[in-house]
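For reference, the structure is listed below as C-alpha cells.
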Amino acid sequence: MNADRDDTVEELPPDIAKKARALLRSLIRPHLAMALFLLVIVVLTALLLIIGPIFIAEALDTGVPRAVDGDPIPLIRAVSLFVSSTVASAALAFVSTRLVGITAQRILFTLRARVFVHVQRLDLGYHEKSSSGRLVSRQTSDMESVQQFLSYALFETALALLQMLFIAVTLIVLDVPLAMVVFAGFIPLFFITKAAHTSQRTAYRRTRTSIAKVIVHFVETMGGIRAVQAYRRQPDRRDTLHDHDSTYRDANTDALQGVAWFAGSTRLVGNITQTAIIVVGAWLVIEGTTQIGVLAAFILYLRRFYGPLDELVQSFNLYQSASAALEKIAAVLDTDPEVVEPVQATPLPPHTSAMRTSVSPVSEAHASAATGRSIEFSGVRFSYGKGAEVLPRFDLTIPAGQIVALVGATGAGKSTLVKLVTRFYDPSEGAVRLDGVDLRDLADDELRSSVVMVTQESFLFAGTIADNIRIGNPDASDAEVVAAARAVGLDPYVRRLPEGYGTDVKKRGGRLSSGQRQLVSFARVFLADPDVVVLDEATAHLDIPSERLVQNALATVLEGRTAIIIAHRLSTVEIADRVLVMEAGRIIEDGAPSELISGTGRFAELHRAWRDTLV
Ligand SMILES: Nc1ncnc2c1ncn2[C@@H]1O[C@H](COP(=O)(O)OP(=O)(O)O)[C@@H](O)[C@H]1O
Ligand SMILES: [Mg+2]
C-alpha cells in the first residue's frame with residue numbers, strides 16, 4: 001500500500017556518509033577524555049602483546065645456552081618477564097573491555113534518546129508519509145548494529161592495527177631482510193582490503209534496507225491485524241514477508257560471501273608469507289646471518305601479525321554494517337520538521353471575557369478565565385506537499401466560544417481544516433490566527449495548551465485509566481482526575497472495573513468500549529482545559545446509546561470553549577451554534593442549524609436524510 005511512499009522516505013541524501021561521520025564525532029566528543037584514556041590502554045596492550053616474543057627470543061638465544069653452562073638466572077628472568085607481560089595484558093584486557101562497554105552503552109543511550117526526541121518533534125506530515133515500522137527499525141536493528149561496532153569492533157580494530165604497526169617496527173629491528181619478506185605480503189593484502197571495502201559497503205547497505213522492509217512489513221501487519229484477519233490476507237502478507245525476507249537473506253549471504261573471500265584470501269597470504277619466512281629464515285640461519293631465536297620470534301610474530309587480521313575481518317564486517325546503519329539513523333536526524341516553533345514567540349492576549357458559566361471543578365485558575373478564543377483563517381491556501389490544492393483560498397472567522405459543526409462529503413477537506421487549526425500543518429499561503437496571533441508565532445507550549453484535538457481513534461497508552469486521563473494534564477491530582485471523569489460521565493463505568501481508576505487499560509478487565517474510550521479522551525480535554533477543542537469525526541463509529549452518552553459529555557466539555565466538530569451525526573449538529581457545509585475545500589453554506597434546516601440547501605437535504613435513518 002505505501003511501498004512507493006516508503007521508498008521516497010528511504011532515499012538517503014547524497015552526502016549521507018559525511019553526515020554519518022559528523023554524527024559519530026558528535027557522539028564521541030563528550031567521551032573524548034575516556035577515548036584518550038582507552039587509546040593509552042590500547043597502546044599499552046599492543047606493546048605488551050609484542051613484547052612477549054622478545055622474551056622468548058631472549059630465553060632461547062641467551063637463557064638456554066647460559067643455563068646449559070650452569071647459569072639459570074637469565075632463563076628464569078626471561079621466563080618470568082614473559083609471564084608478567086601475559087598477566088599484565090590480561091588485566092588490561094579486562095579494564096579496556098569494561099570501559100569500552102560502559103562508554104559504548106552511554107553513547108547508544110544518548111543516540112536512542114536523540115532519535116526518539118527528534119522523531120517526536122517531526123511534523124505530522126512526516127509521520128503521515130513514513131511508516132512507523134521504518135522508525136522502529138532505526139531504533140532497533142540499526143541501533144543494534146552501531147552498538148555492536150562500538151562495543152566490540154572499534155577497540156579491537158584499534159588494537160589490531162596498532163599491534164600490526166608495532167610488530168612491523170619490531171620485525172625491522174630484529175632482522176631487515178626477513179622483515180622485507182613479511183612486508184611483501186602487504187601488497188596483496190592492500191588490494192584485497194580495498195576491493196572488499198567497496199563491495200562490502202554496497203552489500204551492507206542492502207542488508208540495512210532489506211531488514212528495514214522486513215520490520216516495516218511486520219509492524220504494519222501487526223498494526224492492521226484486524227483487517228488482515230477480517231479479509232483473510234494472511235497468505236498475501238506472508239508472501240510479501242517472504243519476498244522481503246529473502247532479499248534480506250540474500251543480501252546477508254552476499255555480505256558474508258564477501259567476508260569469506262576476505263578471510264580466506266588474507267589467511268592464504270598469511271600462510272604463504274609464513275612459509276616464505278621459514279624457507280628464507282632457514283637459509284639465513286644456515287648462512288649464519290640470522291640466529292635461530294630471531295627466526296623463532298619471527299614465526300611467533302607472524303602468528304600475532306595475521307591473528308589480528310582475522311579480528312580485522314570481523315571488525316570490518318561490523319564496521320560496514322554499523323556505518324550503513326548509522327547513515328540511516330543520520331538521515332532521520334537530518335530530517336527537519338516542517339512545522340517549527342518560532343524563535344521569538346508571541347504570547348496570546350489575556351482572556352477578555354468574564355468567568356465561564358459553570359465553574360470547572362478541575363483547575364480553578366484556568367476555569368475562571370477560559371471562554372475560548374477566536375479562530376481566523378485569512379487567505380489560507382493549502383496543499384499536502386506538492387499535491388493538488390486541498391483548500392483553495394480559504395477565509396473563515398469563528399468568534400470565541402462558538403461551537404461550529406463542520407459537515408461535508410468525504411474528501412471535502414474537513415480534516416485538513418482542523419489539522420491547520422492544531423498546527424499539525426502550516427498553510428501554504430495565508431495564516432491561521434488564534435485571537436489574532438498567527439499560530440506560527442505561538443510557542444509550542446502555549447499552542448498545545450490552547451488547542452486540543454480529539455481524534456477518532458481515542459488512543460489509550462499502556463497504563464491505568466487514571467494515567468490515561470492524566471495525559472490531559474500530567475500535574476492533575478487524583479481528585480481532579482476523578483472530577484474530570486465524573487464531569488464527562490465516565491466515573492460510573494470506572495467504578496465498576498475491578499481496580500477502578502487503577503485498572504490497567506491493556507489488561508483483560510480494563511478493556512473499554514469505543515464509547516468509554518471516547519469519554520476518556522473527553523476527560524483528558526476536561527483536564528487539559530484548552531481554549532479551543534477540535535473533534536474529528538469523534539462520534540462517527542458509536543452505537544446509539546453510546547452516542548447519547550457521548551453527546552451529553554460533549555456538551556459539558558465544550559462549555560466555554562471554541563469548538564470545531566466534524567459532525568457525522570445529527571445529534572452533534574444539535575449542540576452547535578453554527579453549521580458549515582464544506583465542499584471541495586470551500587464553504588458552501590454557513591448558518592445556524594435551524595436556519596439551514598428550514599432552507600433548501602445542501603444541509604437541509606443532508607438533514608432530511610439523517611432524519612430518515614432515525615425512523
Ligand atoms: N496526509 C495527506 N497527504 C496527502 N493528501 C491528503 C492527506 N490527507 C488528506 N489528503 C487529501 O486531501 C483531501 C481532503 O482530505 P480530508 O481533509 O481528509 O477530507 P475529509 O476529512 O473532509 O474527508 C483529500 O483529497 C485527501 O485525499
Ligand atoms: Mg476526515
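Residue numbers start at 1 in each chain; chains themselves are named A, B, ... in the order of the C-alpha cells; ligands are numbered from 1 in the order shown.
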
Nearby polymer residues, ligand 2, at most 9 Å, only C-alpha atoms and all ligand atoms, as a VMD selection string: chain A and resid 410 to 416 536 to 537 566

Members of region 208-379 of chain A assigned strand (DSSP E) by DSSP, as a list in words: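 Selection result, strand (DSSP E) within region 208-379 of chain A: Ile375, Glu376, Phe377, Ser378 and Gly379 of chain A.
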
Produce a file of the selected residues containing C-alpha atoms, as a PDB file, in the first residue's frame.
```pdb
ATOM      1  CA  ILE A 375     -10.046  31.435  15.202  1.00  0.00           C
ATOM      2  CA  GLU A 376      -9.422  33.163  11.945  1.00  0.00           C
ATOM      3  CA  PHE A 377      -8.393  31.751   8.572  1.00  0.00           C
ATOM      4  CA  SER A 378      -7.271  34.540   6.328  1.00  0.00           C
ATOM      5  CA  GLY A 379      -6.343  33.926   2.719  1.00  0.00           C
TER       6      GLY A 379
END
```

Shell of 10 Å around ligand 1 (only C-alpha atoms and all ligand atoms), written as JSON, numbers by chain: {"A": [124, 125, 126, 127, 128, 129, 382, 383, 384, 385, 386, 387, 388, 389, 390, 391, 406, 407, 408, 409, 410, 411, 412, 413, 414, 415, 416, 417, 418, 419, 425, 536, 537, 566, 582, 583, 584, 585]}

Could the residues in this selection be written to a file with C-alpha atoms, as an mmCIF file, in the first residue's frame?
```
data_model
loop_
_atom_site.group_PDB
_atom_site.id
_atom_site.type_symbol
_atom_site.label_atom_id
_atom_site.label_comp_id
_atom_site.auth_asym_id
_atom_site.auth_seq_id
_atom_site.Cartn_x
_atom_site.Cartn_y
_atom_site.Cartn_z
ATOM 1 C CA LEU A 124 2.680 15.107 11.356
ATOM 2 C CA GLY A 125 3.308 15.395 7.630
ATOM 3 C CA TYR A 126 6.465 13.312 8.050
ATOM 4 C CA HIS A 127 4.682 10.685 10.098
ATOM 5 C CA GLU A 128 1.758 10.517 7.708
ATOM 6 C CA LYS A 129 4.059 9.644 4.856
ATOM 7 C CA PHE A 382 -3.169 24.584 1.444
ATOM 8 C CA SER A 383 -1.906 21.508 -0.325
ATOM 9 C CA TYR A 384 -0.133 18.436 1.025
ATOM 10 C CA GLY A 385 3.436 18.567 -0.233
ATOM 11 C CA LYS A 386 3.400 19.082 -3.970
ATOM 12 C CA GLY A 387 -0.070 17.586 -4.278
ATOM 13 C CA ALA A 388 -3.252 19.221 -5.536
ATOM 14 C CA GLU A 389 -4.643 22.151 -3.599
ATOM 15 C CA VAL A 390 -6.995 20.940 -0.863
ATOM 16 C CA LEU A 391 -8.029 24.374 0.416
ATOM 17 C CA LEU A 406 -18.436 21.039 10.084
ATOM 18 C CA VAL A 407 -20.200 18.789 7.602
ATOM 19 C CA GLY A 408 -19.442 17.680 4.067
ATOM 20 C CA ALA A 409 -18.652 14.717 1.907
ATOM 21 C CA THR A 410 -15.564 12.605 2.417
ATOM 22 C CA GLY A 411 -12.549 14.300 0.928
ATOM 23 C CA ALA A 412 -14.094 17.768 1.204
ATOM 24 C CA GLY A 413 -11.181 18.917 3.330
ATOM 25 C CA LYS A 414 -12.726 18.876 6.812
ATOM 26 C CA SER A 415 -9.885 17.027 8.498
ATOM 27 C CA THR A 416 -7.377 19.175 6.683
ATOM 28 C CA LEU A 417 -9.039 22.306 8.012
ATOM 29 C CA VAL A 418 -8.842 21.148 11.616
ATOM 30 C CA LYS A 419 -5.256 19.969 11.184
ATOM 31 C CA TYR A 425 0.478 21.539 9.227
ATOM 32 C CA ASP A 536 -12.531 14.943 14.067
ATOM 33 C CA GLU A 537 -15.425 12.564 13.490
ATOM 34 C CA ILE A 566 -16.539 17.408 12.280
ATOM 35 C CA MET A 582 -17.841 22.128 3.051
ATOM 36 C CA GLU A 583 -17.357 21.003 -0.483
ATOM 37 C CA ALA A 584 -14.079 20.672 -2.355
ATOM 38 C CA GLY A 585 -12.209 22.844 0.130
#
```

Find the nearest atom pair between each residue of region 281-341 of chain A and region 61-68 of chain A for residues within 12 Å, count only C-alpha atoms, give distances in Å to one decimal, sort rows by chain and ascending number, and present the table as a tab-separated table.
```
residue	atom	partner	partner_atom	distance
A:Thr290	CA	A:Asp61	CA	11.3
A:Gln291	CA	A:Asp61	CA	7.7
A:Ile292	CA	A:Asp61	CA	7.5
A:Gly293	CA	A:Asp61	CA	5.3
A:Val294	CA	A:Asp61	CA	8.1
A:Leu295	CA	A:Asp61	CA	10.6
A:Ala296	CA	A:Asp61	CA	9.9
A:Ala297	CA	A:Asp61	CA	10.4
```

Deliver the residues from the most recent selection as a file, using N, CA and C atoms, as a PDB file, in the first residue's frame.
```pdb
ATOM      1  N   THR A 290      71.478 -14.950  10.484  1.00  0.00           N
ATOM      2  CA  THR A 290      70.370 -14.804  11.425  1.00  0.00           C
ATOM      3  C   THR A 290      70.462 -15.892  12.476  1.00  0.00           C
ATOM      4  N   GLN A 291      70.081 -15.518  13.734  1.00  0.00           N
ATOM      5  CA  GLN A 291      70.097 -16.525  14.793  1.00  0.00           C
ATOM      6  C   GLN A 291      68.787 -17.298  14.803  1.00  0.00           C
ATOM      7  N   ILE A 292      68.834 -18.515  15.351  1.00  0.00           N
ATOM      8  CA  ILE A 292      67.638 -19.353  15.385  1.00  0.00           C
ATOM      9  C   ILE A 292      66.543 -18.729  16.248  1.00  0.00           C
ATOM     10  N   GLY A 293      66.946 -18.036  17.359  1.00  0.00           N
ATOM     11  CA  GLY A 293      65.977 -17.368  18.237  1.00  0.00           C
ATOM     12  C   GLY A 293      65.218 -16.291  17.492  1.00  0.00           C
ATOM     13  N   VAL A 294      65.915 -15.538  16.653  1.00  0.00           N
ATOM     14  CA  VAL A 294      65.267 -14.488  15.871  1.00  0.00           C
ATOM     15  C   VAL A 294      64.235 -15.107  14.943  1.00  0.00           C
ATOM     16  N   LEU A 295      64.602 -16.212  14.333  1.00  0.00           N
ATOM     17  CA  LEU A 295      63.670 -16.889  13.434  1.00  0.00           C
ATOM     18  C   LEU A 295      62.422 -17.340  14.208  1.00  0.00           C
ATOM     19  N   ALA A 296      62.673 -17.903  15.424  1.00  0.00           N
ATOM     20  CA  ALA A 296      61.539 -18.344  16.250  1.00  0.00           C
ATOM     21  C   ALA A 296      60.630 -17.158  16.579  1.00  0.00           C
ATOM     22  N   ALA A 297      61.243 -16.030  16.970  1.00  0.00           N
ATOM     23  CA  ALA A 297      60.461 -14.834  17.286  1.00  0.00           C
ATOM     24  C   ALA A 297      59.662 -14.380  16.067  1.00  0.00           C
TER      25      ALA A 297
END
```

Nearest-residue call for Asp123 (chain A), choices A:Phe424, A:Tyr306, A:Tyr231, A:Phe37, using only C-alpha atoms: A:Phe424

Residue contacts of His118 (chain A) (10 Å, only C-alpha atoms) excluding same-chain residues fewer than 5 positions away, as JSON, numbers by chain: {"A": [112, 113, 332, 333, 334, 335, 336, 337]}

Give me a file of those residues, with N, CA and C atoms, as a PDB file, in the first residue's frame.
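Below is the file that was written, part_5.pdb:
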```pdb
ATOM      1  N   ARG A 112      19.893   6.853  21.121  1.00  0.00           N
ATOM      2  CA  ARG A 112      18.485   6.434  21.114  1.00  0.00           C
ATOM      3  C   ARG A 112      17.589   7.583  21.556  1.00  0.00           C
ATOM      4  N   ALA A 113      18.002   8.268  22.614  1.00  0.00           N
ATOM      5  CA  ALA A 113      17.209   9.385  23.110  1.00  0.00           C
ATOM      6  C   ALA A 113      17.106  10.468  22.047  1.00  0.00           C
ATOM      7  N   VAL A 332      17.550  10.145   9.478  1.00  0.00           N
ATOM      8  CA  VAL A 332      16.368  10.510  10.275  1.00  0.00           C
ATOM      9  C   VAL A 332      16.654  11.806  11.036  1.00  0.00           C
ATOM     10  N   LEU A 333      17.843  11.871  11.647  1.00  0.00           N
ATOM     11  CA  LEU A 333      18.184  13.062  12.423  1.00  0.00           C
ATOM     12  C   LEU A 333      18.350  14.283  11.527  1.00  0.00           C
ATOM     13  N   ASP A 334      18.627  14.019  10.253  1.00  0.00           N
ATOM     14  CA  ASP A 334      18.863  15.112   9.322  1.00  0.00           C
ATOM     15  C   ASP A 334      17.553  15.690   8.782  1.00  0.00           C
ATOM     16  N   THR A 335      16.450  14.977   8.994  1.00  0.00           N
ATOM     17  CA  THR A 335      15.164  15.478   8.514  1.00  0.00           C
ATOM     18  C   THR A 335      14.698  16.581   9.443  1.00  0.00           C
ATOM     19  N   ASP A 336      14.420  17.733   8.869  1.00  0.00           N
ATOM     20  CA  ASP A 336      13.968  18.832   9.714  1.00  0.00           C
ATOM     21  C   ASP A 336      12.450  18.858   9.762  1.00  0.00           C
ATOM     22  N   PRO A 337      11.874  19.144  10.911  1.00  0.00           N
ATOM     23  CA  PRO A 337      10.422  19.264  10.949  1.00  0.00           C
ATOM     24  C   PRO A 337       9.982  20.463  10.119  1.00  0.00           C
TER      25      PRO A 337
END
```

Residue with smallest distance to Val146 (chain A) - pool A:Tyr501, A:Tyr493, A:Phe109, A:Trp261, counting only C-alpha atoms: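 Nearest candidate to Val146 (chain A) out of A:Tyr501, A:Tyr493, A:Phe109, A:Trp261: A:Phe109.
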
Alpha helix (DSSP H) call set, DSSP backbone run, region 382-556 of chain A, as a ChimeraX atom specification: /A:414-421,444-450,465-470,478-487,491-496,514-528,544-556

Proximity to Thr209 (chain A) - best of A:Ala479, A:Phe155, A:Ala324, A:Ile272, only C-alpha atoms: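 Checking each of A:Ala479, A:Phe155, A:Ala324, A:Ile272 against Thr209 (chain A), counting only C-alpha atoms, the winner is A:Ala324.
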
Distance criterion (only C-alpha atoms): nearest to Gln518 (chain A) out of A:Val454, A:Ala487, A:Leu348, A:Val557: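 When distances to Gln518 (chain A) are compared using only C-alpha atoms, the smallest one comes from A:Val454.
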